[in-house]
Each structure stands twice: as C-alpha cells, then as structure tokens.
Amino acid sequence: MQNTKIIDGYPFIRYKKETYTPAEMQKRSQDFYTWMDQRRTARDFSKKPVPREVIENIILTASSAPSGAHKQPWTFCIVSNAQIKKEIRLAAEKEERESYENRMSDEWLDDLRPLGTDWQKPFLEIAPYLIIIFSRSYETTDNGKKHQNYYVKESTGIT
Ligand SMILES: Cc1cc2nc3c(=O)[nH]c(=O)nc-3n(C[C@H](O)[C@H](O)[C@H](O)COP(=O)(O)O)c2cc1C
C-alpha cells in the first residue's frame, strides 16, 4: 500500500505533513482555541436517540489516542440496555455517596460546592448510551502468557 511503510515487519502509516504560512498558523490556532474553549463538562444529558454510528465514530476517535509503546491498553464497552444502565447508576451512586459522606475532606467538598455536584447520578440512566472505558494492565495470549502494557492509566486517561 502506498501510504504504508513496513518497518521490521510492522506497517506504519505515513505522516501527512501540512505546512502553513505564519498568518495561516495564527488564524488556525486562534480558531482552534475558540472551538476548544467551547468544551464543557456535561452533567445533564438528553434522552434523544443518537445514531449508533456516531458512538462508533467517537470510539474510533478516542482509540486514535497515543499510548505507551502503542499498546492501546483499553477496551471500550457501549451500554444501551436500560436495566444495565440502572445497575451502573446504583453502583456508581453507592460509591459516590460513600465518597461524599465519608471519603472527601472538608476542603474537597468546599472546592466542589460551586460546581453543584453531589452523589446522585440520574444522567447515567437518561443518556441513551454509556461508554465504559476499561484499562488493561496486561495482555494474555492464547497460551496464557502475560504481556506487559505501559503507562496504562495515562494512556487510558488520554482517550
Ligand atoms: C481528573 C478529573 C476528575 C474529575 N472528576 C469529576 C467528577 O467526579 N464529577 C464531576 O462532575 N466532574 C468531574 N471533573 C470535571 C471538572 O469538574 C471540570 O473539568 C472542571 O470543573 C472545569 O469545567 P469544564 O470541564 O466545563 O471546563 C473531573 C475532571 C477531571 C480532569
């Protein structure tokens, strides 16, 4: 394949370099910042259905993230089943309640106050899909041998 180079038996997709004039760079960086600055942490979700392909594209985008030694130490799981979403909500709320009532320091709770968060997570049942990301500490081959993954939390966190 033209855009692929084999190195040590592994296929590498060629990097397509883009070049811009300083004025274009200035404009593009300003536009990118303006766009990224619109991002918000969402704590309320609509029930409105979302095409499954949108969810799959989101996961494809996330899985293009960098990872330690390119091990991609993650598994994505999509949940749409109402009963499973309910069980996830109950389990999350149990942990969150314990955190808010017994684990978090007064300073932490003070810092959270302006955000208006608490242990209740009704949105886990309202959103049409939940995307669960699991990190994989190691891989297991068919013969049961373990292979290490690297920077697992950082790699999964970036996705
Ligand atoms: C590591 C990390 C942990 C967070 N934990 C929570 C959380 O438990 N609950 C929550 O509602 N928001 C959580 N947030 C979101 C932050 O509160 C949010 O990013 C911050 O208030 C800034 O708001 P913004 O994301 O809308 O810019 C977390 C963010 C990060 C990066």
# chains A, B, ... in the order shown; residues from 1 in each chain; ligands from 1
$ residues_around --residues "Ile13 of chain A" --least-positions-apart "4" --cutoff "8 Å" --atoms "only C-alpha atoms" --output "number ranges by chain"
A: 3-5
$ residues_near_ligand --ligand "ligand 1" --cutoff "8 Å" --atoms "only C-alpha atoms and all ligand atoms" --output "compact mmCIF listing (two decimals) with N, CA, C and O atoms, in the first residue's frame"
# COMPACT_ATOMS: atom_id res chain seq x y z
N ASP A 37 -12.33 25.99 23.41
CA ASP A 37 -12.78 26.67 24.63
C ASP A 37 -14.30 26.56 24.82
O ASP A 37 -14.83 26.96 25.86
N ARG A 39 -15.69 23.64 24.88
CA ARG A 39 -15.90 22.35 25.55
C ARG A 39 -16.33 22.56 27.00
O ARG A 39 -15.85 23.46 27.66
N ARG A 40 -17.26 21.77 27.46
CA ARG A 40 -17.71 21.85 28.84
C ARG A 40 -17.90 20.43 29.39
O ARG A 40 -18.24 19.52 28.64
N THR A 41 -17.72 20.29 30.67
CA THR A 41 -18.08 19.04 31.34
C THR A 41 -19.60 19.01 31.45
O THR A 41 -20.19 19.93 32.03
N ALA A 42 -20.22 17.99 30.86
CA ALA A 42 -21.69 17.90 30.87
C ALA A 42 -22.16 16.99 32.00
O ALA A 42 -21.59 15.90 32.19
N ARG A 43 -23.14 17.44 32.75
CA ARG A 43 -23.69 16.62 33.84
C ARG A 43 -25.20 16.40 33.67
O ARG A 43 -25.85 15.87 34.55
N LEU A 112 -15.76 21.69 45.67
CA LEU A 112 -16.79 21.19 44.75
C LEU A 112 -18.08 22.01 44.80
O LEU A 112 -18.86 21.99 43.84
N LEU A 115 -19.58 23.89 41.93
CA LEU A 115 -19.98 23.07 40.76
C LEU A 115 -21.34 22.43 40.97
O LEU A 115 -21.95 21.94 40.00
N THR A 117 -22.15 19.66 42.39
CA THR A 117 -22.22 18.20 42.22
C THR A 117 -22.59 17.53 43.54
O THR A 117 -22.36 18.08 44.61
$ closest_residue --among "A:Ile7, A:Glu139, A:Ile84, A:Asp118" --to "Met104 of chain A" --atoms "only C-alpha atoms"
A:Asp118
$ residues_around --residues "Asn149 of chain A" --least-positions-apart "2" --cutoff "8 Å" --atoms "only C-alpha atoms" --output "ChimeraX atom specification"
/A:68-69,71,73,136-139,147,151-152
$ decode --residues "segment 129-150 of chain A" --atoms "N, CA and C atoms" --output "PDB file, in the first residue's frame"
ATOM      1  N   TYR A 129     -26.770   6.219  25.569  1.00  0.00           N
ATOM      2  CA  TYR A 129     -25.634   5.291  25.604  1.00  0.00           C
ATOM      3  C   TYR A 129     -24.675   5.688  26.721  1.00  0.00           C
ATOM      4  N   LEU A 130     -24.103   4.706  27.384  1.00  0.00           N
ATOM      5  CA  LEU A 130     -22.957   4.944  28.256  1.00  0.00           C
ATOM      6  C   LEU A 130     -21.760   4.295  27.565  1.00  0.00           C
ATOM      7  N   ILE A 131     -20.652   5.002  27.547  1.00  0.00           N
ATOM      8  CA  ILE A 131     -19.416   4.392  27.009  1.00  0.00           C
ATOM      9  C   ILE A 131     -18.495   4.127  28.192  1.00  0.00           C
ATOM     10  N   ILE A 132     -18.231   2.871  28.437  1.00  0.00           N
ATOM     11  CA  ILE A 132     -17.369   2.479  29.558  1.00  0.00           C
ATOM     12  C   ILE A 132     -15.978   2.195  29.006  1.00  0.00           C
ATOM     13  N   ILE A 133     -14.966   2.768  29.623  1.00  0.00           N
ATOM     14  CA  ILE A 133     -13.588   2.512  29.177  1.00  0.00           C
ATOM     15  C   ILE A 133     -12.878   1.693  30.250  1.00  0.00           C
ATOM     16  N   PHE A 134     -12.426   0.514  29.860  1.00  0.00           N
ATOM     17  CA  PHE A 134     -11.633  -0.331  30.766  1.00  0.00           C
ATOM     18  C   PHE A 134     -10.167  -0.185  30.386  1.00  0.00           C
ATOM     19  N   SER A 135      -9.286  -0.113  31.379  1.00  0.00           N
ATOM     20  CA  SER A 135      -7.866  -0.167  31.033  1.00  0.00           C
ATOM     21  C   SER A 135      -7.383  -1.598  31.249  1.00  0.00           C
ATOM     22  N   ARG A 136      -6.429  -2.004  30.410  1.00  0.00           N
ATOM     23  CA  ARG A 136      -5.908  -3.372  30.509  1.00  0.00           C
ATOM     24  C   ARG A 136      -4.460  -3.331  30.996  1.00  0.00           C
ATOM     25  N   SER A 137      -4.215  -3.861  32.185  1.00  0.00           N
ATOM     26  CA  SER A 137      -2.868  -3.815  32.762  1.00  0.00           C
ATOM     27  C   SER A 137      -1.896  -4.677  31.964  1.00  0.00           C
ATOM     28  N   TYR A 138      -2.433  -5.758  31.399  1.00  0.00           N
ATOM     29  CA  TYR A 138      -1.587  -6.652  30.592  1.00  0.00           C
ATOM     30  C   TYR A 138      -2.456  -7.378  29.575  1.00  0.00           C
ATOM     31  N   GLU A 139      -1.792  -8.003  28.596  1.00  0.00           N
ATOM     32  CA  GLU A 139      -2.490  -8.802  27.587  1.00  0.00           C
ATOM     33  C   GLU A 139      -2.193 -10.276  27.864  1.00  0.00           C
ATOM     34  N   THR A 140      -3.135 -11.136  27.538  1.00  0.00           N
ATOM     35  CA  THR A 140      -2.885 -12.576  27.694  1.00  0.00           C
ATOM     36  C   THR A 140      -2.995 -13.240  26.329  1.00  0.00           C
ATOM     37  N   THR A 141      -1.957 -13.963  25.945  1.00  0.00           N
ATOM     38  CA  THR A 141      -2.006 -14.674  24.664  1.00  0.00           C
ATOM     39  C   THR A 141      -2.764 -15.994  24.838  1.00  0.00           C
ATOM     40  N   ASP A 142      -3.023 -16.680  23.708  1.00  0.00           N
ATOM     41  CA  ASP A 142      -3.811 -17.918  23.749  1.00  0.00           C
ATOM     42  C   ASP A 142      -3.190 -18.965  24.675  1.00  0.00           C
ATOM     43  N   ASN A 143      -1.838 -18.984  24.750  1.00  0.00           N
ATOM     44  CA  ASN A 143      -1.202 -19.991  25.632  1.00  0.00           C
ATOM     45  C   ASN A 143      -1.110 -19.523  27.089  1.00  0.00           C
ATOM     46  N   GLY A 144      -1.805 -18.411  27.394  1.00  0.00           N
ATOM     47  CA  GLY A 144      -1.898 -17.955  28.785  1.00  0.00           C
ATOM     48  C   GLY A 144      -0.736 -17.083  29.244  1.00  0.00           C
ATOM     49  N   LYS A 145       0.187 -16.758  28.322  1.00  0.00           N
ATOM     50  CA  LYS A 145       1.347 -15.944  28.694  1.00  0.00           C
ATOM     51  C   LYS A 145       0.923 -14.476  28.825  1.00  0.00           C
ATOM     52  N   LYS A 146       1.437 -13.823  29.875  1.00  0.00           N
ATOM     53  CA  LYS A 146       1.094 -12.409  30.095  1.00  0.00           C
ATOM     54  C   LYS A 146       2.088 -11.500  29.402  1.00  0.00           C
ATOM     55  N   HIS A 147       1.583 -10.437  28.756  1.00  0.00           N
ATOM     56  CA  HIS A 147       2.452  -9.429  28.143  1.00  0.00           C
ATOM     57  C   HIS A 147       2.129  -8.071  28.754  1.00  0.00           C
ATOM     58  N   GLN A 148       3.193  -7.389  29.131  1.00  0.00           N
ATOM     59  CA  GLN A 148       3.032  -6.121  29.847  1.00  0.00           C
ATOM     60  C   GLN A 148       2.454  -4.999  28.984  1.00  0.00           C
ATOM     61  N   ASN A 149       1.656  -4.135  29.569  1.00  0.00           N
ATOM     62  CA  ASN A 149       1.297  -2.850  28.952  1.00  0.00           C
ATOM     63  C   ASN A 149       1.986  -1.754  29.759  1.00  0.00           C
ATOM     64  N   TYR A 150       2.097  -0.555  29.175  1.00  0.00           N
ATOM     65  CA  TYR A 150       2.882   0.508  29.814  1.00  0.00           C
ATOM     66  C   TYR A 150       2.047   1.773  29.955  1.00  0.00           C
TER      67      TYR A 150
END
